[in-house]
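Working notes for the structure below.
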Amino acid sequence: MHYMSVKQPYFKQLKEGKKTIELRLFDEKRQKIKMGDYILFTNSDDKKDSFHAKVINLHWEKSFDALCNKIQPYQAGFRNKNDLTQALEEFYTPNDQQKFGVVGIEIGLIQK
């Protein structure tokens, strides 16, 4: 089981199934994630709010710009590539992207 904290509004989009890909640096923690693994996503604003999901695919690239050419922006909760890459720049520097690479973690919700 893997654990990830997600900020709003992205957490709500994931939980409702409107966002099916979570984008992260491909750092040591994310390198341990494999297809078929489970992730417990927690709302970073309310730690009691969480849900489980199964990893159904992993999309790797050297940068978010390159990754955004492989996936559709709506899969990551955005209307277009420009909005998506601008939002990601708030979280991850180009240096970090170059150092680690990036991953799109495609999930399926676990129904309880």
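Here, A, B, ... name the chains of the structure tokens in the order displayed, residue numbers run from 1 inside each chain, and ligands are numbered from 1 in the same displayed order.
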Open item on the list: as a PyMOL selection string, please: every residue in chain A that DSSP puts in helix (DSSP H, G or I).
Closed with: chain A and resi 10-15+28-31+64-67+73-76+81-91+94-100
Would you save the residues from that selection as a compact mmCIF listing (two decimals), in the first residue's frame, using N, CA, C and O atoms?
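Produced file out08.txt, reproduced below:
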```
# COMPACT_ATOMS: atom_id res chain seq x y z
N TYR A 10 -7.85 19.05 -6.33
CA TYR A 10 -7.41 17.83 -7.00
C TYR A 10 -7.88 16.57 -6.27
O TYR A 10 -8.24 15.59 -6.91
N PHE A 11 -7.88 16.62 -4.94
CA PHE A 11 -8.35 15.46 -4.17
C PHE A 11 -9.79 15.12 -4.52
O PHE A 11 -10.13 13.97 -4.80
N LYS A 12 -10.66 16.13 -4.53
CA LYS A 12 -12.08 15.91 -4.83
C LYS A 12 -12.25 15.35 -6.24
O LYS A 12 -13.05 14.44 -6.46
N GLN A 13 -11.50 15.87 -7.20
CA GLN A 13 -11.58 15.38 -8.58
C GLN A 13 -11.18 13.90 -8.66
O GLN A 13 -11.82 13.13 -9.37
N LEU A 14 -10.12 13.52 -7.94
CA LEU A 14 -9.70 12.12 -7.91
C LEU A 14 -10.78 11.25 -7.27
O LEU A 14 -11.16 10.20 -7.80
N LYS A 15 -11.27 11.69 -6.12
CA LYS A 15 -12.25 10.91 -5.36
C LYS A 15 -13.54 10.70 -6.15
O LYS A 15 -14.16 9.64 -6.07
N GLU A 28 12.17 8.72 -5.52
CA GLU A 28 12.34 7.38 -4.92
C GLU A 28 11.03 6.78 -4.44
O GLU A 28 10.78 5.59 -4.60
N LYS A 29 10.17 7.61 -3.84
CA LYS A 29 8.89 7.11 -3.33
C LYS A 29 8.01 6.60 -4.47
O LYS A 29 7.40 5.54 -4.37
N ARG A 30 7.93 7.36 -5.58
CA ARG A 30 7.08 6.98 -6.71
C ARG A 30 7.68 5.82 -7.51
O ARG A 30 6.97 5.10 -8.18
N GLN A 31 8.99 5.65 -7.47
CA GLN A 31 9.62 4.56 -8.19
C GLN A 31 9.22 3.19 -7.64
O GLN A 31 9.33 2.19 -8.32
N PHE A 64 7.01 17.22 -17.41
CA PHE A 64 5.55 17.27 -17.47
C PHE A 64 5.08 17.75 -18.84
O PHE A 64 4.05 17.33 -19.33
N ASP A 65 5.85 18.63 -19.45
CA ASP A 65 5.49 19.09 -20.79
C ASP A 65 5.43 17.90 -21.75
O ASP A 65 4.47 17.76 -22.51
N ALA A 66 6.43 17.04 -21.70
CA ALA A 66 6.45 15.84 -22.56
C ALA A 66 5.32 14.88 -22.18
O ALA A 66 4.66 14.31 -23.05
N LEU A 67 5.09 14.70 -20.89
CA LEU A 67 4.03 13.80 -20.44
C LEU A 67 2.67 14.29 -20.90
O LEU A 67 1.80 13.49 -21.28
N PRO A 73 -5.37 16.35 -21.05
CA PRO A 73 -5.42 17.21 -19.86
C PRO A 73 -6.58 16.89 -18.92
O PRO A 73 -6.43 16.95 -17.70
N TYR A 74 -7.75 16.52 -19.47
CA TYR A 74 -8.90 16.23 -18.60
C TYR A 74 -8.62 15.04 -17.69
O TYR A 74 -9.18 14.95 -16.60
N GLN A 75 -7.75 14.10 -18.11
CA GLN A 75 -7.42 12.96 -17.26
C GLN A 75 -6.72 13.40 -15.98
O GLN A 75 -6.78 12.70 -14.97
N ALA A 76 -6.05 14.55 -16.04
CA ALA A 76 -5.35 15.08 -14.88
C ALA A 76 -6.12 16.23 -14.23
O ALA A 76 -5.59 16.93 -13.35
N LYS A 81 -3.73 21.76 -21.98
CA LYS A 81 -2.34 21.50 -21.63
C LYS A 81 -1.69 22.71 -20.96
O LYS A 81 -0.92 22.56 -20.01
N ASN A 82 -2.00 23.91 -21.43
CA ASN A 82 -1.40 25.12 -20.86
C ASN A 82 -1.76 25.26 -19.38
O ASN A 82 -0.88 25.53 -18.54
N ASP A 83 -3.04 25.10 -19.04
CA ASP A 83 -3.46 25.18 -17.64
C ASP A 83 -2.77 24.11 -16.80
O ASP A 83 -2.35 24.35 -15.67
N LEU A 84 -2.65 22.92 -17.36
CA LEU A 84 -2.03 21.81 -16.65
C LEU A 84 -0.56 22.07 -16.38
O LEU A 84 -0.10 21.94 -15.24
N THR A 85 0.19 22.47 -17.39
CA THR A 85 1.62 22.70 -17.17
C THR A 85 1.88 23.89 -16.25
O THR A 85 2.81 23.85 -15.45
N GLN A 86 1.04 24.92 -16.31
CA GLN A 86 1.18 26.06 -15.40
C GLN A 86 0.96 25.63 -13.95
O GLN A 86 1.69 26.03 -13.05
N ALA A 87 -0.05 24.81 -13.72
CA ALA A 87 -0.34 24.35 -12.36
C ALA A 87 0.81 23.49 -11.83
O ALA A 87 1.20 23.60 -10.66
N LEU A 88 1.36 22.64 -12.68
CA LEU A 88 2.46 21.77 -12.24
C LEU A 88 3.71 22.56 -11.89
O LEU A 88 4.47 22.17 -11.01
N GLU A 89 3.93 23.69 -12.56
CA GLU A 89 5.09 24.52 -12.27
C GLU A 89 5.04 25.09 -10.86
O GLU A 89 6.07 25.42 -10.28
N GLU A 90 3.83 25.19 -10.28
CA GLU A 90 3.69 25.67 -8.90
C GLU A 90 4.23 24.64 -7.90
O GLU A 90 4.64 24.99 -6.80
N PHE A 91 4.22 23.37 -8.29
CA PHE A 91 4.63 22.29 -7.40
C PHE A 91 6.04 21.79 -7.67
O PHE A 91 6.75 21.39 -6.75
N PRO A 94 11.65 22.94 -12.90
CA PRO A 94 12.26 22.25 -14.04
C PRO A 94 13.49 21.43 -13.62
O PRO A 94 13.72 20.35 -14.16
N ASN A 95 14.26 21.92 -12.66
CA ASN A 95 15.42 21.16 -12.18
C ASN A 95 15.02 19.83 -11.56
O ASN A 95 15.67 18.81 -11.78
N ASP A 96 13.95 19.84 -10.76
CA ASP A 96 13.46 18.59 -10.15
C ASP A 96 12.96 17.62 -11.23
O ASP A 96 13.20 16.42 -11.14
N GLN A 97 12.27 18.17 -12.22
CA GLN A 97 11.79 17.32 -13.30
C GLN A 97 12.96 16.67 -14.05
O GLN A 97 12.92 15.49 -14.37
N GLN A 98 14.00 17.46 -14.30
CA GLN A 98 15.17 16.94 -15.00
C GLN A 98 15.89 15.90 -14.15
O GLN A 98 16.36 14.89 -14.66
N LYS A 99 15.96 16.13 -12.85
CA LYS A 99 16.67 15.22 -11.95
C LYS A 99 15.97 13.87 -11.82
O LYS A 99 16.61 12.82 -11.88
N PHE A 100 14.64 13.88 -11.64
CA PHE A 100 13.90 12.66 -11.35
C PHE A 100 13.11 12.09 -12.53
O PHE A 100 12.81 10.90 -12.56
```
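Here the question is which of A:Ser5, A:Ser44, A:Ser50, A:Ser63 gets nearest to A:Tyr92 using only C-alpha atoms, and that residue is A:Ser63.
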Task: Shell around A:Asp45 at 10 Å using only C-alpha atoms, local window under 3 positions removed, as a PyMOL selection string - done: chain A and resi 5-8+11+42+48-49
